[in-house]
Amino acid sequence: MDKSGKQSFKVIDTDEKWILYHNCFSLCSRKVRLCLEELEIEYKQEHIDLIETGKYEVASKNFLKINPGATVPVLLHEGYPIYESHEQIYYLTKESSSTSIIPANEKDKDSMDYWVKKSSMVGDPMENQDTYAGNCIAALTFPLFASMIKYININKILFGLINHPLKIRVFLFIILKTFGYKAFSSGSPIRRLIERSLKNINSHLHELNNHLKIKEEDWIINNTFTLADISWAVILHRIEEVGWDEILFRDKPFLEDYYKKVKDKKSFISSIINYDHEILNKGKTILKLKIKEDQNLKSLFKEFF
């Protein structure tokens, strides 16, 4: 089975034209919601829990029929699934009557494709981080995961050992549940993963900052808000959400100004900011405090660069 793009089979019989199986915290879910908002496409929502938001609903029998890969988002078009968020946003533009988020000329389209590709999550997130900025984000989210996992029952995590197809993800959350912020101690394997991801994302952000400096336009592709902006908006938001923005944005003034414009977008507020979750809010609150108090976190966030 081709695991990306629109599939040739239906997973449900439905009268709904568009259904999005998503998670409020999922980075890729946020990207697709933002795209749907920009295109003003009406759709039915089905919220699916990740372990970060309480339980492994993605590994439930019902959801595995929708996506055997146990990931969100999944976009259904008249019952046919489209997998992978970067495939979904391109598919939506082809099916929409709106051309507002696609550049008018081929040169700008090629530039947009370059920035969408660079922002994507492709394959193992611990690999190819020099190519895909999106692959850096998983490790950078570990401190927030560790804060959120405090509020998740261990039995909910262990459910994933039996049912989730990606066992390595489950083992990561068991480690974070067991060791907490000690998992980020100097020289630990998890800390090394974070440090490598910081170096890689910093390089990608420098490239974007320089691009914005040269272009001197509102958005990544001239003055048009495109799929490139949709893809990078959620990455920059996750960086801020975890608390890396003070490190990663401080020497990139054009990137900072750009992100301020992103956050003022009505579609950004409605598709990302307005999606709340109790566990996420608790996690962000405790992480903000622990970055100042916990020595492992303090050294990681303040002394890396």
# chains A, B, ... in the order shown; residues from 1 in each chain; ligands from 1

call {"tool": "residues_around", "arguments": {"residues": "Phe142 of chain A", "least_positions_apart": "2", "cutoff": "9 Å", "atoms": "only C-alpha atoms", "output": "list of chain:residue names"}}
result
A:Ile137, A:Ala138, A:Ala139, A:Leu140, A:Leu144, A:Phe145, A:Ala146, A:Ser147, A:Leu176, A:Ile190, A:Ile194, A:Val242

call {"tool": "residues_around", "arguments": {"residues": "Phe171 of chain A", "least_positions_apart": "3", "cutoff": "12 Å", "atoms": "only C-alpha atoms", "output": "CSV table (one decimal) with all heavy atoms, in the first residue's frame"}}
result
chain,number,residue,atom,x,y,z
A,154,ILE,N,0.4,5.8,33.6
A,154,ILE,CA,1.3,4.9,33.0
A,154,ILE,C,0.7,3.7,32.2
A,154,ILE,O,1.2,3.3,31.2
A,154,ILE,CB,2.3,4.3,34.1
A,154,ILE,CG1,3.4,3.5,33.4
A,154,ILE,CG2,1.6,3.5,35.1
A,154,ILE,CD1,4.4,4.2,32.5
A,157,ILE,N,0.1,4.6,28.7
A,157,ILE,CA,1.3,4.5,27.9
A,157,ILE,C,1.6,3.1,27.5
A,157,ILE,O,1.9,2.8,26.4
A,157,ILE,CB,2.5,5.1,28.7
A,157,ILE,CG1,2.2,6.6,29.0
A,157,ILE,CG2,3.7,5.1,27.8
A,157,ILE,CD1,3.2,7.2,29.9
A,158,LEU,N,1.5,2.2,28.5
A,158,LEU,CA,1.8,0.8,28.3
A,158,LEU,C,0.8,0.1,27.3
A,158,LEU,O,1.2,-0.8,26.6
A,158,LEU,CB,1.7,0.0,29.6
A,158,LEU,CG,2.7,0.4,30.7
A,158,LEU,CD1,2.5,-0.4,32.0
A,158,LEU,CD2,4.2,0.1,30.1
A,159,PHE,N,-0.4,0.7,27.1
A,159,PHE,CA,-1.3,0.2,26.1
A,159,PHE,C,-0.6,0.3,24.7
A,159,PHE,O,-0.9,-0.6,23.8
A,159,PHE,CB,-2.5,1.1,26.1
A,159,PHE,CG,-3.5,0.8,25.0
A,159,PHE,CD1,-4.5,-0.2,25.1
A,159,PHE,CD2,-3.5,1.6,23.8
A,159,PHE,CE1,-5.4,-0.4,24.0
A,159,PHE,CE2,-4.4,1.3,22.8
A,159,PHE,CZ,-5.3,0.3,22.9
A,160,GLY,N,0.2,1.3,24.5
A,160,GLY,CA,0.9,1.4,23.2
A,160,GLY,C,1.9,0.3,22.9
A,160,GLY,O,2.2,0.0,21.8
A,161,LEU,N,2.5,-0.3,24.0
A,161,LEU,CA,3.4,-1.4,23.8
A,161,LEU,C,2.8,-2.6,23.0
A,161,LEU,O,3.4,-3.3,22.3
A,161,LEU,CB,4.0,-1.9,25.1
A,161,LEU,CG,5.1,-1.0,25.7
A,161,LEU,CD1,5.5,-1.6,27.1
A,161,LEU,CD2,6.3,-0.8,24.8
A,162,ILE,N,1.5,-2.7,23.3
A,162,ILE,CA,0.8,-3.8,22.6
A,162,ILE,C,0.2,-3.4,21.3
A,162,ILE,O,0.2,-4.2,20.3
A,162,ILE,CB,-0.4,-4.3,23.6
A,162,ILE,CG1,0.2,-4.8,24.9
A,162,ILE,CG2,-1.2,-5.5,22.9
A,162,ILE,CD1,-0.8,-5.1,26.0
A,164,HIS,N,0.4,-0.1,19.5
A,164,HIS,CA,1.0,0.9,18.6
A,164,HIS,C,2.1,0.3,17.7
A,164,HIS,O,3.0,-0.4,18.2
A,164,HIS,CB,1.6,2.1,19.4
A,164,HIS,CG,1.8,3.4,18.6
A,164,HIS,ND1,2.6,3.5,17.5
A,164,HIS,CD2,1.1,4.5,18.7
A,164,HIS,CE1,2.5,4.7,17.0
A,164,HIS,NE2,1.6,5.4,17.7
A,165,PRO,N,2.0,0.5,16.4
A,165,PRO,CA,3.0,-0.1,15.5
A,165,PRO,C,4.4,0.5,15.6
A,165,PRO,O,5.4,-0.2,15.2
A,165,PRO,CB,2.4,0.2,14.1
A,165,PRO,CG,1.5,1.4,14.3
A,165,PRO,CD,1.0,1.3,15.7
A,166,LEU,N,4.5,1.7,16.2
A,166,LEU,CA,5.8,2.3,16.3
A,166,LEU,C,6.3,2.2,17.8
A,166,LEU,O,6.0,3.1,18.5
A,166,LEU,CB,5.8,3.8,15.8
A,166,LEU,CG,5.4,4.0,14.4
A,166,LEU,CD1,5.3,5.4,14.0
A,166,LEU,CD2,6.5,3.3,13.4
A,167,LYS,N,6.9,1.1,18.1
A,167,LYS,CA,7.2,0.9,19.6
A,167,LYS,C,8.2,1.9,20.1
A,167,LYS,O,8.2,2.2,21.3
A,167,LYS,CB,7.7,-0.6,19.7
A,167,LYS,CG,6.8,-1.7,19.2
A,167,LYS,CD,5.5,-1.7,19.8
A,167,LYS,CE,4.6,-2.8,19.3
A,167,LYS,NZ,3.2,-2.7,19.7
A,168,ILE,N,9.1,2.4,19.2
A,168,ILE,CA,10.2,3.3,19.7
A,168,ILE,C,9.5,4.5,20.3
A,168,ILE,O,10.1,5.1,21.3
A,168,ILE,CB,11.1,3.6,18.5
A,168,ILE,CG1,12.3,4.4,19.1
A,168,ILE,CG2,10.4,4.4,17.4
A,168,ILE,CD1,13.2,3.7,20.0
A,174,ILE,N,7.8,6.2,27.9
A,174,ILE,CA,8.1,5.4,29.1
A,174,ILE,C,9.3,6.0,29.8
A,174,ILE,O,9.3,6.2,31.0
A,174,ILE,CB,8.2,3.9,28.8
A,174,ILE,CG1,6.9,3.3,28.4
A,174,ILE,CG2,8.8,3.2,30.1
A,174,ILE,CD1,7.0,1.9,28.0
A,175,ILE,N,10.3,6.3,29.0
A,175,ILE,CA,11.6,6.9,29.6
A,175,ILE,C,11.3,8.3,30.2
A,175,ILE,O,11.7,8.6,31.3
A,175,ILE,CB,12.6,7.0,28.5
A,175,ILE,CG1,13.2,5.6,28.1
A,175,ILE,CG2,13.8,7.9,29.0
A,175,ILE,CD1,14.0,5.6,26.9
A,176,LEU,N,10.5,9.1,29.5
A,176,LEU,CA,10.2,10.4,30.0
A,176,LEU,C,9.3,10.4,31.2
A,176,LEU,O,9.4,11.2,32.1
A,176,LEU,CB,9.5,11.3,28.9
A,176,LEU,CG,10.4,11.6,27.7
A,176,LEU,CD1,9.6,12.4,26.6
A,176,LEU,CD2,11.7,12.4,28.1
A,177,LYS,N,8.4,9.4,31.2
A,177,LYS,CA,7.5,9.2,32.4
A,177,LYS,C,8.3,8.8,33.6
A,177,LYS,O,8.1,9.2,34.7
A,177,LYS,CB,6.4,8.2,32.1
A,177,LYS,CG,5.5,7.9,33.2
A,177,LYS,CD,4.5,9.0,33.5
A,177,LYS,CE,3.4,8.7,34.5
A,177,LYS,NZ,2.5,9.8,34.8
A,178,THR,N,9.3,7.9,33.4
A,178,THR,CA,10.1,7.3,34.5
A,178,THR,C,11.1,8.3,35.0
A,178,THR,O,11.3,8.4,36.2
A,178,THR,CB,10.8,6.0,34.0
A,178,THR,OG1,9.8,5.1,33.5
A,178,THR,CG2,11.6,5.4,35.1

call {"tool": "closest_residue", "arguments": {"among": "A:Asn153, A:Ser119, A:Ser231, A:Thr285", "to": "Gly134 of chain A", "atoms": "only C-alpha atoms"}}
result
A:Ser119

call {"tool": "select_by_dssp", "arguments": {"residues": "segment 96-295 of chain A", "states": "alpha helix (DSSP H)", "output": "ChimeraX atom specification"}}
result
/A:106-119,137-140,142-148,154-163,167-179,189-215,227-242,245-248,253-263,266-268,278-293,295

call {"tool": "closest_atom_pairs", "arguments": {"of": "segment 71-93 of chain A", "to": "segment 45-62 of chain A", "cutoff": "10 Å", "atoms": "only C-alpha atoms", "output": "tab-separated table"}}
result
residue	atom	partner	partner_atom	distance
A:Thr71	CA	A:Val58	CA	6.3
A:Val72	CA	A:Val58	CA	7.5
A:Pro73	CA	A:Ile48	CA	8.8
A:Val74	CA	A:Glu46	CA	9.7
A:Leu75	CA	A:Gln45	CA	9.7

call {"tool": "write_last_selection", "arguments": {"atoms": "N, CA, C and O atoms", "output": "PDB file, in the first residue's frame"}}
result
ATOM      1  N   THR A  71      -1.092   7.348  12.785  1.00  0.00           N
ATOM      2  CA  THR A  71      -0.682   8.748  12.842  1.00  0.00           C
ATOM      3  C   THR A  71      -1.833   9.653  12.413  1.00  0.00           C
ATOM      4  O   THR A  71      -2.732   9.244  11.675  1.00  0.00           O
ATOM      5  N   VAL A  72      -1.794  10.874  12.898  1.00  0.00           N
ATOM      6  CA  VAL A  72      -2.712  11.923  12.448  1.00  0.00           C
ATOM      7  C   VAL A  72      -1.862  13.049  11.868  1.00  0.00           C
ATOM      8  O   VAL A  72      -0.686  13.187  12.225  1.00  0.00           O
ATOM      9  N   PRO A  73      -2.446  13.829  10.972  1.00  0.00           N
ATOM     10  CA  PRO A  73      -3.835  13.807  10.527  1.00  0.00           C
ATOM     11  C   PRO A  73      -4.068  12.809   9.391  1.00  0.00           C
ATOM     12  O   PRO A  73      -3.133  12.410   8.708  1.00  0.00           O
ATOM     13  N   VAL A  74      -5.333  12.447   9.238  1.00  0.00           N
ATOM     14  CA  VAL A  74      -5.801  11.745   8.047  1.00  0.00           C
ATOM     15  C   VAL A  74      -6.939  12.572   7.480  1.00  0.00           C
ATOM     16  O   VAL A  74      -7.884  12.909   8.198  1.00  0.00           O
ATOM     17  N   LEU A  75      -6.845  12.912   6.224  1.00  0.00           N
ATOM     18  CA  LEU A  75      -7.880  13.676   5.533  1.00  0.00           C
ATOM     19  C   LEU A  75      -8.673  12.729   4.639  1.00  0.00           C
ATOM     20  O   LEU A  75      -8.084  11.995   3.837  1.00  0.00           O
TER      21      LEU A  75
END

call {"tool": "residues_around", "arguments": {"residues": "Gly243 of chain A", "least_positions_apart": "5", "cutoff": "10 Å", "atoms": "only C-alpha atoms", "output": "PDB file with C-alpha atoms, in the first residue's frame"}}
result
ATOM      1  CA  LEU A 140      12.892  19.720  20.289  1.00  0.00           C
ATOM      2  CA  THR A 141       9.473  18.877  21.738  1.00  0.00           C
ATOM      3  CA  PRO A 143      10.976  18.783  27.153  1.00  0.00           C
ATOM      4  CA  LEU A 144       7.304  19.601  26.629  1.00  0.00           C
ATOM      5  CA  HIS A 237       4.740  28.113  16.757  1.00  0.00           C
ATOM      6  CA  ARG A 238       6.027  24.806  18.164  1.00  0.00           C
ATOM      7  CA  LEU A 248      16.542  30.359  18.151  1.00  0.00           C
ATOM      8  CA  LYS A 284       3.525  24.454  29.124  1.00  0.00           C
ATOM      9  CA  LEU A 287       7.908  23.578  31.690  1.00  0.00           C
ATOM     10  CA  LYS A 288       8.219  27.353  31.835  1.00  0.00           C
ATOM     11  CA  ILE A 291      13.418  25.796  32.711  1.00  0.00           C
ATOM     12  CA  PHE A 301      17.978  26.028  27.288  1.00  0.00           C
TER      13      PHE A 301
END

call {"tool": "closest_residue", "arguments": {"among": "A:Lys199, A:Lys266, A:Lys261, A:His22", "to": "Glu38 of chain A", "atoms": "only C-alpha atoms"}}
result
A:Lys266

call {"tool": "select_by_dssp", "arguments": {"residues": "segment 12-177 of chain A", "states": "strand (DSSP E)", "output": "list of chain:residue names"}}
result
A:Trp18, A:Ile19, A:Leu20, A:Tyr21, A:His22, A:Lys44, A:Gln45, A:Glu46, A:His47, A:Val74, A:Leu75, A:Leu76, A:His77, A:Tyr80, A:Pro81, A:Ile82, A:Tyr83

call {"tool": "write_last_selection", "arguments": {"atoms": "all heavy atoms", "output": "short mmCIF file (atom, residue, chain, number, x, y, z; two decimals), in the first residue's frame"}}
result
data_model
loop_
_atom_site.label_atom_id
_atom_site.label_comp_id
_atom_site.auth_asym_id
_atom_site.auth_seq_id
_atom_site.Cartn_x
_atom_site.Cartn_y
_atom_site.Cartn_z
N TRP A 18 -15.59 16.20 3.15
CA TRP A 18 -14.28 16.30 3.79
C TRP A 18 -14.41 15.93 5.27
O TRP A 18 -15.27 16.47 5.96
CB TRP A 18 -13.71 17.71 3.69
CG TRP A 18 -13.47 18.19 2.31
CD1 TRP A 18 -14.22 19.08 1.61
CD2 TRP A 18 -12.38 17.84 1.45
NE1 TRP A 18 -13.68 19.30 0.37
CE2 TRP A 18 -12.54 18.55 0.25
CE3 TRP A 18 -11.28 16.99 1.59
CZ2 TRP A 18 -11.66 18.44 -0.81
CZ3 TRP A 18 -10.39 16.87 0.53
CH2 TRP A 18 -10.59 17.59 -0.65
N ILE A 19 -13.55 15.05 5.73
CA ILE A 19 -13.44 14.72 7.15
C ILE A 19 -11.96 14.78 7.52
O ILE A 19 -11.12 14.22 6.81
CB ILE A 19 -13.99 13.33 7.48
CG1 ILE A 19 -15.47 13.21 7.08
CG2 ILE A 19 -13.83 13.02 8.98
CD1 ILE A 19 -16.05 11.82 7.29
N LEU A 20 -11.64 15.44 8.61
CA LEU A 20 -10.26 15.50 9.08
C LEU A 20 -10.16 14.82 10.44
O LEU A 20 -10.77 15.25 11.41
CB LEU A 20 -9.78 16.95 9.21
CG LEU A 20 -8.33 17.11 9.67
CD1 LEU A 20 -7.37 16.59 8.59
CD2 LEU A 20 -8.01 18.55 10.02
N TYR A 21 -9.39 13.74 10.49
CA TYR A 21 -9.02 13.10 11.74
C TYR A 21 -7.75 13.78 12.20
O TYR A 21 -6.71 13.71 11.52
CB TYR A 21 -8.80 11.59 11.54
CG TYR A 21 -10.06 10.82 11.22
CD1 TYR A 21 -10.54 10.74 9.92
CD2 TYR A 21 -10.77 10.18 12.23
CE1 TYR A 21 -11.69 10.04 9.61
CE2 TYR A 21 -11.93 9.47 11.93
CZ TYR A 21 -12.39 9.40 10.63
OH TYR A 21 -13.54 8.71 10.34
N HIS A 22 -7.81 14.44 13.34
CA HIS A 22 -6.71 15.31 13.74
C HIS A 22 -6.54 15.28 15.25
O HIS A 22 -7.35 14.69 15.98
CB HIS A 22 -6.99 16.74 13.29
CG HIS A 22 -8.11 17.39 14.05
ND1 HIS A 22 -7.91 18.40 14.96
CD2 HIS A 22 -9.45 17.15 14.06
CE1 HIS A 22 -9.06 18.77 15.49
NE2 HIS A 22 -10.02 18.02 14.96
N LYS A 44 -15.79 18.18 8.37
CA LYS A 44 -16.14 17.58 9.65
C LYS A 44 -14.86 17.21 10.38
O LYS A 44 -13.91 16.72 9.77
CB LYS A 44 -16.99 16.32 9.42
CG LYS A 44 -17.40 15.62 10.70
CD LYS A 44 -18.20 14.36 10.41
CE LYS A 44 -18.59 13.63 11.69
NZ LYS A 44 -19.34 12.38 11.41
N GLN A 45 -14.84 17.45 11.67
CA GLN A 45 -13.66 17.16 12.49
C GLN A 45 -13.89 15.93 13.36
O GLN A 45 -14.95 15.78 13.95
CB GLN A 45 -13.33 18.34 13.39
CG GLN A 45 -13.01 19.62 12.65
CD GLN A 45 -12.46 20.68 13.58
OE1 GLN A 45 -11.71 20.39 14.51
NE2 GLN A 45 -12.85 21.94 13.36
N GLU A 46 -12.86 15.11 13.44
CA GLU A 46 -12.85 13.98 14.37
C GLU A 46 -11.55 14.07 15.16
O GLU A 46 -10.47 13.81 14.62
CB GLU A 46 -12.92 12.64 13.63
CG GLU A 46 -14.21 12.41 12.86
CD GLU A 46 -15.39 12.07 13.77
OE1 GLU A 46 -15.18 11.90 15.00
OE2 GLU A 46 -16.52 11.98 13.26
N HIS A 47 -11.65 14.49 16.43
CA HIS A 47 -10.43 14.61 17.23
C HIS A 47 -9.99 13.24 17.72
O HIS A 47 -10.79 12.48 18.28
CB HIS A 47 -10.64 15.54 18.43
CG HIS A 47 -9.38 15.83 19.16
ND1 HIS A 47 -8.95 15.09 20.25
CD2 HIS A 47 -8.44 16.79 18.96
CE1 HIS A 47 -7.80 15.58 20.67
NE2 HIS A 47 -7.47 16.61 19.92
N VAL A 74 -5.33 12.45 9.24
CA VAL A 74 -5.80 11.74 8.05
C VAL A 74 -6.94 12.57 7.48
O VAL A 74 -7.88 12.91 8.20
CB VAL A 74 -6.28 10.32 8.36
CG1 VAL A 74 -6.82 9.65 7.09
CG2 VAL A 74 -5.15 9.49 8.96
N LEU A 75 -6.84 12.91 6.22
CA LEU A 75 -7.88 13.68 5.53
C LEU A 75 -8.67 12.73 4.64
O LEU A 75 -8.08 12.00 3.84
CB LEU A 75 -7.25 14.78 4.70
CG LEU A 75 -8.20 15.68 3.91
CD1 LEU A 75 -9.06 16.53 4.85
CD2 LEU A 75 -7.40 16.58 2.95
N LEU A 76 -9.98 12.71 4.82
CA LEU A 76 -10.84 11.90 3.95
C LEU A 76 -11.54 12.79 2.95
O LEU A 76 -12.12 13.82 3.30
CB LEU A 76 -11.89 11.16 4.77
CG LEU A 76 -11.46 10.15 5.84
CD1 LEU A 76 -12.66 9.32 6.29
CD2 LEU A 76 -10.35 9.24 5.35
N HIS A 77 -11.48 12.38 1.68
CA HIS A 77 -12.23 13.04 0.63
C HIS A 77 -13.27 12.05 0.13
O HIS A 77 -12.94 11.07 -0.55
CB HIS A 77 -11.31 13.47 -0.51
CG HIS A 77 -12.02 14.27 -1.57
ND1 HIS A 77 -11.50 14.43 -2.84
CD2 HIS A 77 -13.20 14.95 -1.56
CE1 HIS A 77 -12.33 15.16 -3.55
NE2 HIS A 77 -13.37 15.48 -2.80
N TYR A 80 -12.34 8.54 0.95
CA TYR A 80 -11.01 8.07 0.52
C TYR A 80 -9.93 8.79 1.34
O TYR A 80 -9.93 10.03 1.41
CB TYR A 80 -10.78 8.35 -0.96
CG TYR A 80 -11.66 7.54 -1.88
CD1 TYR A 80 -12.91 8.01 -2.28
CD2 TYR A 80 -11.24 6.30 -2.36
CE1 TYR A 80 -13.72 7.27 -3.13
CE2 TYR A 80 -12.05 5.55 -3.21
CZ TYR A 80 -13.28 6.04 -3.59
OH TYR A 80 -14.08 5.29 -4.43
N PRO A 81 -9.02 8.06 1.96
CA PRO A 81 -8.01 8.72 2.80
C PRO A 81 -6.84 9.30 2.01
O PRO A 81 -6.40 8.72 1.01
CB PRO A 81 -7.52 7.57 3.70
CG PRO A 81 -7.70 6.34 2.85
CD PRO A 81 -8.92 6.59 2.01
N ILE A 82 -6.38 10.44 2.48
CA ILE A 82 -5.12 11.03 2.01
C ILE A 82 -4.21 11.06 3.22
O ILE A 82 -4.56 11.62 4.27
CB ILE A 82 -5.32 12.46 1.46
CG1 ILE A 82 -6.33 12.46 0.31
CG2 ILE A 82 -3.99 13.02 0.99
CD1 ILE A 82 -7.66 13.01 0.67
N TYR A 83 -3.03 10.45 3.09
CA TYR A 83 -2.06 10.39 4.19
C TYR A 83 -0.93 11.39 3.97
O TYR A 83 -0.65 11.78 2.84
CB TYR A 83 -1.48 8.98 4.30
CG TYR A 83 -2.50 7.91 4.60
CD1 TYR A 83 -2.61 6.77 3.80
CD2 TYR A 83 -3.38 8.02 5.68
CE1 TYR A 83 -3.56 5.79 4.07
CE2 TYR A 83 -4.32 7.05 5.96
CZ TYR A 83 -4.41 5.93 5.15
OH TYR A 83 -5.35 4.97 5.42
#

call {"tool": "decode", "arguments": {"residues": "segment 224-233 of chain A", "atoms": "all heavy atoms", "output": "PDB file, in the first residue's frame"}}
result
ATOM      1  N   THR A 224       2.320  37.076  -1.001  1.00  0.00           N
ATOM      2  CA  THR A 224       1.225  36.121  -1.001  1.00  0.00           C
ATOM      3  C   THR A 224       1.445  35.082   0.082  1.00  0.00           C
ATOM      4  O   THR A 224       2.515  34.462   0.151  1.00  0.00           O
ATOM      5  CB  THR A 224       1.128  35.410  -2.369  1.00  0.00           C
ATOM      6  OG1 THR A 224       0.967  36.390  -3.394  1.00  0.00           O
ATOM      7  CG2 THR A 224      -0.052  34.453  -2.402  1.00  0.00           C
ATOM      8  N   PHE A 225       0.452  34.882   0.929  1.00  0.00           N
ATOM      9  CA  PHE A 225       0.490  33.844   1.959  1.00  0.00           C
ATOM     10  C   PHE A 225       0.192  32.512   1.277  1.00  0.00           C
ATOM     11  O   PHE A 225      -0.908  32.287   0.781  1.00  0.00           O
ATOM     12  CB  PHE A 225      -0.546  34.149   3.036  1.00  0.00           C
ATOM     13  CG  PHE A 225      -0.441  33.280   4.266  1.00  0.00           C
ATOM     14  CD1 PHE A 225       0.442  33.605   5.281  1.00  0.00           C
ATOM     15  CD2 PHE A 225      -1.232  32.146   4.409  1.00  0.00           C
ATOM     16  CE1 PHE A 225       0.535  32.819   6.431  1.00  0.00           C
ATOM     17  CE2 PHE A 225      -1.151  31.353   5.542  1.00  0.00           C
ATOM     18  CZ  PHE A 225      -0.260  31.689   6.563  1.00  0.00           C
ATOM     19  N   THR A 226       1.191  31.629   1.247  1.00  0.00           N
ATOM     20  CA  THR A 226       1.089  30.394   0.473  1.00  0.00           C
ATOM     21  C   THR A 226       1.268  29.157   1.364  1.00  0.00           C
ATOM     22  O   THR A 226       1.403  29.262   2.584  1.00  0.00           O
ATOM     23  CB  THR A 226       2.156  30.355  -0.632  1.00  0.00           C
ATOM     24  OG1 THR A 226       3.457  30.199  -0.009  1.00  0.00           O
ATOM     25  CG2 THR A 226       2.128  31.612  -1.477  1.00  0.00           C
ATOM     26  N   LEU A 227       1.316  27.999   0.722  1.00  0.00           N
ATOM     27  CA  LEU A 227       1.578  26.751   1.438  1.00  0.00           C
ATOM     28  C   LEU A 227       2.913  26.789   2.175  1.00  0.00           C
ATOM     29  O   LEU A 227       3.082  26.115   3.188  1.00  0.00           O
ATOM     30  CB  LEU A 227       1.569  25.569   0.469  1.00  0.00           C
ATOM     31  CG  LEU A 227       0.243  25.207  -0.196  1.00  0.00           C
ATOM     32  CD1 LEU A 227       0.409  23.965  -1.064  1.00  0.00           C
ATOM     33  CD2 LEU A 227      -0.855  24.977   0.833  1.00  0.00           C
ATOM     34  N   ALA A 228       3.854  27.575   1.672  1.00  0.00           N
ATOM     35  CA  ALA A 228       5.143  27.702   2.363  1.00  0.00           C
ATOM     36  C   ALA A 228       4.947  28.329   3.743  1.00  0.00           C
ATOM     37  O   ALA A 228       5.509  27.862   4.748  1.00  0.00           O
ATOM     38  CB  ALA A 228       6.102  28.535   1.530  1.00  0.00           C
ATOM     39  N   ASP A 229       4.138  29.364   3.813  1.00  0.00           N
ATOM     40  CA  ASP A 229       3.873  30.034   5.089  1.00  0.00           C
ATOM     41  C   ASP A 229       3.068  29.137   6.027  1.00  0.00           C
ATOM     42  O   ASP A 229       3.320  29.098   7.238  1.00  0.00           O
ATOM     43  CB  ASP A 229       3.117  31.339   4.848  1.00  0.00           C
ATOM     44  CG  ASP A 229       3.877  32.284   3.943  1.00  0.00           C
ATOM     45  OD1 ASP A 229       4.919  32.800   4.373  1.00  0.00           O
ATOM     46  OD2 ASP A 229       3.431  32.481   2.799  1.00  0.00           O
ATOM     47  N   ILE A 230       2.113  28.421   5.477  1.00  0.00           N
ATOM     48  CA  ILE A 230       1.328  27.474   6.270  1.00  0.00           C
ATOM     49  C   ILE A 230       2.239  26.440   6.915  1.00  0.00           C
ATOM     50  O   ILE A 230       2.104  26.106   8.095  1.00  0.00           O
ATOM     51  CB  ILE A 230       0.255  26.805   5.384  1.00  0.00           C
ATOM     52  CG1 ILE A 230      -0.867  27.801   5.076  1.00  0.00           C
ATOM     53  CG2 ILE A 230      -0.311  25.545   6.053  1.00  0.00           C
ATOM     54  CD1 ILE A 230      -1.856  27.326   4.039  1.00  0.00           C
ATOM     55  N   SER A 231       3.182  25.942   6.145  1.00  0.00           N
ATOM     56  CA  SER A 231       4.078  24.888   6.635  1.00  0.00           C
ATOM     57  C   SER A 231       5.038  25.396   7.697  1.00  0.00           C
ATOM     58  O   SER A 231       5.317  24.693   8.684  1.00  0.00           O
ATOM     59  CB  SER A 231       4.858  24.299   5.458  1.00  0.00           C
ATOM     60  OG  SER A 231       3.988  23.755   4.486  1.00  0.00           O
ATOM     61  N   TRP A 232       5.540  26.613   7.524  1.00  0.00           N
ATOM     62  CA  TRP A 232       6.501  27.157   8.491  1.00  0.00           C
ATOM     63  C   TRP A 232       5.830  27.759   9.715  1.00  0.00           C
ATOM     64  O   TRP A 232       6.419  27.804  10.794  1.00  0.00           O
ATOM     65  CB  TRP A 232       7.398  28.187   7.810  1.00  0.00           C
ATOM     66  CG  TRP A 232       8.508  27.506   7.074  1.00  0.00           C
ATOM     67  CD1 TRP A 232       8.513  27.131   5.759  1.00  0.00           C
ATOM     68  CD2 TRP A 232       9.739  27.055   7.631  1.00  0.00           C
ATOM     69  NE1 TRP A 232       9.685  26.478   5.467  1.00  0.00           N
ATOM     70  CE2 TRP A 232      10.450  26.420   6.591  1.00  0.00           C
ATOM     71  CE3 TRP A 232      10.313  27.125   8.896  1.00  0.00           C
ATOM     72  CZ2 TRP A 232      11.713  25.849   6.793  1.00  0.00           C
ATOM     73  CZ3 TRP A 232      11.572  26.568   9.098  1.00  0.00           C
ATOM     74  CH2 TRP A 232      12.255  25.940   8.055  1.00  0.00           C
ATOM     75  N   ALA A 233       4.588  28.195   9.570  1.00  0.00           N
ATOM     76  CA  ALA A 233       3.874  28.787  10.705  1.00  0.00           C
ATOM     77  C   ALA A 233       3.805  27.834  11.883  1.00  0.00           C
ATOM     78  O   ALA A 233       4.038  28.223  13.033  1.00  0.00           O
ATOM     79  CB  ALA A 233       2.460  29.194  10.274  1.00  0.00           C
TER      80      ALA A 233
END
